[in-house]
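Enquirer: I'd like to ask you about the structure that follows.
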Amino acid sequence: MSPSLPGLGFLLLVGWQVAAATSPGTYLCSSSPVNEPAVCASVKSVSQEMLLEIARGQASPCSLTFGQYACAQSAWLQDLQDNFLISLYSCLTAKPASAMDPEYSILFFSKYDAKKLVAALTMFSQRFSHVPLSLEWNMIFINGLWEKMLQVPDIDSPPVLSQWVHEGLQPFLVEPKVFACLHAKNVLCETFQMIVAALNGIYSDLPVEEQRNLYAGIKYYLIQDGSNEKCYSAAVPGLNSTAWFENYLGSFLEHATVGDLQLFGDEPTLQKFARDPVNIQMISNLTLLRETAVYYTSLLTSGPGFSFSSLPDRFVCYLSPSAVSNLSRDDTLSLAQRISENCPLNLKHRGITRERAPSSLTTEELQVASSLVRKFEHFPPAILRALGQAAVGLSISDIENSISDKDLEASIPALGEVRGWNTEQSSTIINKLLSSGYQIRDGQSLAKLGSLVAGINSSTLRSLSPEVVLEAIKLPEFVQQMVTLPSVLKMTFVEKISSSVGHPADLVKCIPDALASYIPKSLLVFGEEKPNIQDLNSKMWTREQAAMFFSDVIKTEPDFSRLSQSVLQGFTCAAVNEVEAERFQELAKVMKKKNVKLGEDQLSCLVKMVTLHGIPQDLDNYPKDLLLFLSPSDYAATGSCRQYFANIGKANLDVLQRESSQRKQLLLEALACLKIPGTQVNKENADTLGHLVCDLGGEYIRSSGGNLLKQLSQCESFLPDQEEAIRSVISSGNTTFGPPVAWSAFTLNELSGLIPVFDHSILQKIPKNVLTLWLKNYAHNSPLSREQLATVVEELLPTRHKRADGCPPDKQITEMVLNDDLMPIHYSPEELRACLKNVSLENHLSRMLTYAFSVQQLAELKRNLDETYPDGYPDSLLPKLGPLISFITPEDVSKWKITSADTLAALLKDQPPDDRASAVIKRYVDLGNALNATALNAIGTRYVCLLNATELNIIDSSSLKLASLNPSACPQLTKNILYAKAKQAFSDQKYLPAYYDLVEPYLGGAPGVDLRALSKGNVNMNISTFAKLRRDSLLSLTPSEVQGLLGINLHDLQKWQNKSPIREWVQTQKQSELEKLDVGLTGGLQEGYMNIVTPKFQCMYYVRTSNCCVLNTYFWVTARRKTALWKQSASVVCKREVSTPSSSKWWPWAALPNGSAPALSSACAKALESPAGCSCAERADG
């Protein structure tokens, strides 16, 4: 392969961006051979001893010049260590390059032994794998390395080539400006073809990023002279092969966009290439970008005389509706069969970061199915069986009018295998079946429904006996359908199964995997029953669920590595009581290996146990998130501060609240460690900072240009000044992505995390065809919400709208249009209003409301519904309203009949504003519906605070037991009511370890007596829960009781002692008692004094004692504006003891005005008649 070597050297220099061929810096390049006597004539000679001293570390590598190394004898250079290139590079980059350095580079590397050089380059690559090289020295080094590589024996051998490309030259491949260095090197197309063949041989061994780099180099070569048909000419022998994709792109075609292909040739030429058998064979084995696969298929099918029988199976998955419009019925059924056999829903594509939802279909897939179905007027069982997956194109009208009841029942086995039914289709089929007499008598008849089971409503499912469900879930083919069920059906299945399975172990064993995360956590408390580790490991649990059985598991499983990630995430501080302290380091290391994600309170507790006997010296073996609770000095025995912050940058920073002092301190320490001058952050430091970049202010973002965009695109949210800075950087165009006007759909996909920040000034510069292509091929896989995608849609609408007198002929809304997720970009709000007239939305609403309609367009959809249903929406429509719920008025809600908790759940699913949610909940309750477990889970933590006392009091404790709520942010009355109900709900589990985890969310309403009981149970309450306790209950606790509650978390008191209400609790305790806790608390009462903090307004004060008694003491009183010391003896009656604690009274002082002594109320005075001699508790509650 010797003719290919010059081209191979050229190719290895190209990076992932195109740079101008006339870029400055070409003087840094030269060609072989080098005249050594002439080059070295003016270079001072060097001795072997000097090189040996450098090799042994006895002299600095910087003591010699590049020329001296280059002109030294070859044998002497072999004594240099493998890390010498790293040292040499550091020495050379400290000064400007000279005109002779390119020739020195060729000479120096030509004298290196090839194997020794690869070893040195491998070490160099490891050091600079994520560090950008100096441009001029990159070009100089690669100039010599390229020439050296040409001399390597067997460079055309895949293992040798892979070693050079992947292990040796990787840091040099990412610099785009090296193109200028080698532009003058004329590489012939025939030679280049051999280069691609060689690289294709190692393609599968390269990381994806290196594949992309090399593809960009191939692309640059093919378009560098501006020709539209590089290396192809029908009239030139040797350049007339239509196997062009195979010859010049090979497997690297996987990274080509549609725009790239259009640079390689015009459409007639690309059609020739596409139909070449060699290309078709190659592409059948590749995984293309979806947009490229669709385009390639259109090239195959768009020309005259194309026969579908010649279309490879792989391409039937990417057909367009127009391609199938003229098929005969026989050809339609033949194609439908091939689609069913070859197009799985989870088909993977390049450039897609996550798989589609298991039930989702693309617009093209739906439209093709619809086109195939339209070939038939009636659908007997034979046709439905033959259509297979294409039956998903059946319209509601087809189901209702073109399939007889008898034929529908006979076709259930075929229809049950179809994937991707929407809600309306599956429910219409099921309702028609049931109304025609189909009965679900046993598990077999339920399982027979297959994918149609999603159309069963929850009331029908609840009417089935548990035995029917239990029989069905034993059938593997039915269990597979559980994955795609709506959440409300999953919860209903769990209700049916759990109602007939009494023991947690049995429930875990029989529950299908897809339903496990829907089991109420209270049903996962094993108690005296021993859990089966293997069964628990086989399911995916939520963190709350796993917490229920974590303590049971950890005390019975000696080998932590046998526990699954899902089980390990349930770690709680209660485990401190079950495991020897020494084993927590072992547990944490297992969590690192299994990538277990923990929350802030879990990590805070775990780090205390891991460091109980000192900071480990191997912290890299622990979860990175744990480092968030340690400092660089803690990490010093493990590594440098740079290593520490590199790990922090990869940790889940959102474990800490964004504005927390802890998180701010981490950023300040990171900037100091990295010695970042001013506000400019380079790419190396940006990579080190990782997620910490999300906390950098706008001034850093502006100063750093595009260096931070990669990290910023991963951030969850931004502050206003950050958003403004990002827009400024993007608008400048001075980034690796270029100006918005030059972006492709692929570029936009790489920046998708920043799209919510883009304003009109940026979006309007992006070509509209690019926005459309991105919406079509990438948007459904992006992390953006429907609302965020709507901002892109608005840019594609006309800026001015005429008042539409009627619907334009070319915009009539058909079945095809309703199935198009790009429908929003084709209609202005006015056109939508006109074209929706006489169109029934009910059968398409669920799918349509997933489209990225703008606010104005959504308003038109609601207007249409209002006009269609002036007396209120029918019950069947309410669960489909989705984002329209935000447009609903209380008057609208008053017309609805919300008859089930499932409907309530559907209405609240899209998280409407509080006022709308409150109206919906009130309507549900006013109609006499129960706040059962389904309703409570629908209301959830987000809306539970909206419930009033009347609504709260109708909640049954048994329902609360099956719900998952956290009312800690609610008004105190809400917390009080819910705590009492939760206490009753979990009373049968009161003496089990999981009781605390069950009741913990409700503790904000617990009275002091219950907290004192918990303090004896080693619950290890986290400090955030403690701070949210009921104020009077918290203030009633003694230091020893607080110690009992907090346990391992006691030291957190010191950090929180200046926050209310912990501050007030500290101020009411004797300082001597606080000091016994040994956690550094200050500000308590000195002996003989009581501190009463007066609030802003007058209030009643109470002093509690164990019996009614007289207390003579001194009081400190802090008044509203000044502090006055009252040294007045007061006779105060505190509390009358009665037979039952629940009816005990507090006897108040009279209201305390500023600066006056307390006077006894008449009630208090009367109580003085009670017997004295009681003992008084010296503390006050306000």
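To be explicit about the labels: the chains of the structure tokens are called A, B, and onward in the order shown, and within each one the residues are counted from 1, while ligands get numbers from 1 in the order they are shown.
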Can you pull out every residue within 9 Å of Phe308 of chain A, counting only C-alpha atoms, but drop anything in the same chain fewer than 4 positions away, and send it as a count of residues only?

Expert: 5

Enquirer: Using only C-alpha atoms, determine which residues lie at most 12 Å from Lys116 of chain A, disregarding the query and same-chain residues fewer than 3 positions distant; provide the list as a CSV table (one decimal) with C-alpha atoms, in the first residue's frame.

Expert:
```
chain,number,residue,atom,x,y,z
A,77,LEU,CA,18.2,9.5,21.3
A,78,GLN,CA,17.1,6.0,22.1
A,79,ASP,CA,18.3,6.5,25.8
A,80,LEU,CA,15.6,9.1,26.3
A,81,GLN,CA,12.7,8.0,28.6
A,82,ASP,CA,9.1,7.5,27.2
A,83,ASN,CA,7.9,10.7,29.0
A,84,PHE,CA,10.6,12.8,27.3
A,85,LEU,CA,8.2,14.1,24.6
A,109,PHE,CA,11.4,12.1,14.7
A,110,SER,CA,13.2,10.3,11.8
A,111,LYS,CA,15.9,9.2,14.2
A,112,TYR,CA,13.5,7.8,16.8
A,113,ASP,CA,13.0,4.0,16.9
A,119,ALA,CA,5.4,4.3,23.4
A,120,ALA,CA,6.4,7.9,23.9
A,121,LEU,CA,3.4,9.2,21.8
A,122,THR,CA,1.1,7.0,23.8
A,123,MET,CA,2.2,8.6,27.0
A,168,GLY,CA,-0.3,8.0,19.2
```

Enquirer: For a quick check of understanding, using only C-alpha atoms, which of A:Leu845, A:Leu366, A:Ile939, A:Ala323 has the smallest distance to Leu300 of chain A?

Expert: A:Ala323

Enquirer: Pick from A:Ala949, A:Leu299, A:Ala391, A:Leu908: nearest to Thr332 of chain A, with only C-alpha atoms counted?

Expert: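 Distance minimum relative to Thr332 of chain A lands on A:Ala391.
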
Enquirer: Excluding Gln711 of chain A and any residue of its chain fewer than 4 positions from it, enumerate the residues within 7 Å of it, using only C-alpha atoms, and give them as a list in words.

Expert: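 Those residues are Gly690, His691 and Val693 of chain A.
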
Enquirer: Which residues are near Phe526 of chain A? Cut-off 9 Å, only C-alpha atoms, ignore same chain within fewer than 3 positions. Put them as a list of chain:residue names.

Expert: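 Counting only C-alpha atoms, the residues come to A:His503, A:Pro504, A:Ala505, A:Leu523, A:Glu529, A:Lys530, A:Pro531, A:Met548, A:Phe549, A:Asp552, A:Leu992, A:Ala994.
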
Enquirer: Select from segment 487-681 of chain A everything DSSP, run on the backbone, classes as alpha helix (DSSP H), then give the selection as a PyMOL selection string.

Expert: chain A and resi 487-500+504-510+533-537+543-554+565-568+584-593+600-610+632-635+641-650+661-673

Enquirer: I want to know what sits within 10 Å of Lys975 of chain A, based on only C-alpha atoms, with residues of the same chain fewer than 3 positions away left out; could you give that as a list in words?

Expert: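 Result of the neighbour search: Cys945, Leu952, Asn966, Pro967, Ser968, Ala969, Cys970, Pro971, Gln972, Leu978, Tyr979, Ala980, Lys981, Pro1001, Tyr1002, Leu1003, Gly1004, Gly1005, Ala1006, Leu1029 and Arg1030 of chain A.
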
Enquirer: Please provide as a PyMOL selection string all residues within 6 Å of segment 246-259 of chain A, with the sequence filter that same-chain residues fewer than 4 positions apart are discarded (counting only C-alpha atoms).

Expert: chain A and resi 193+215+279+287-288+292
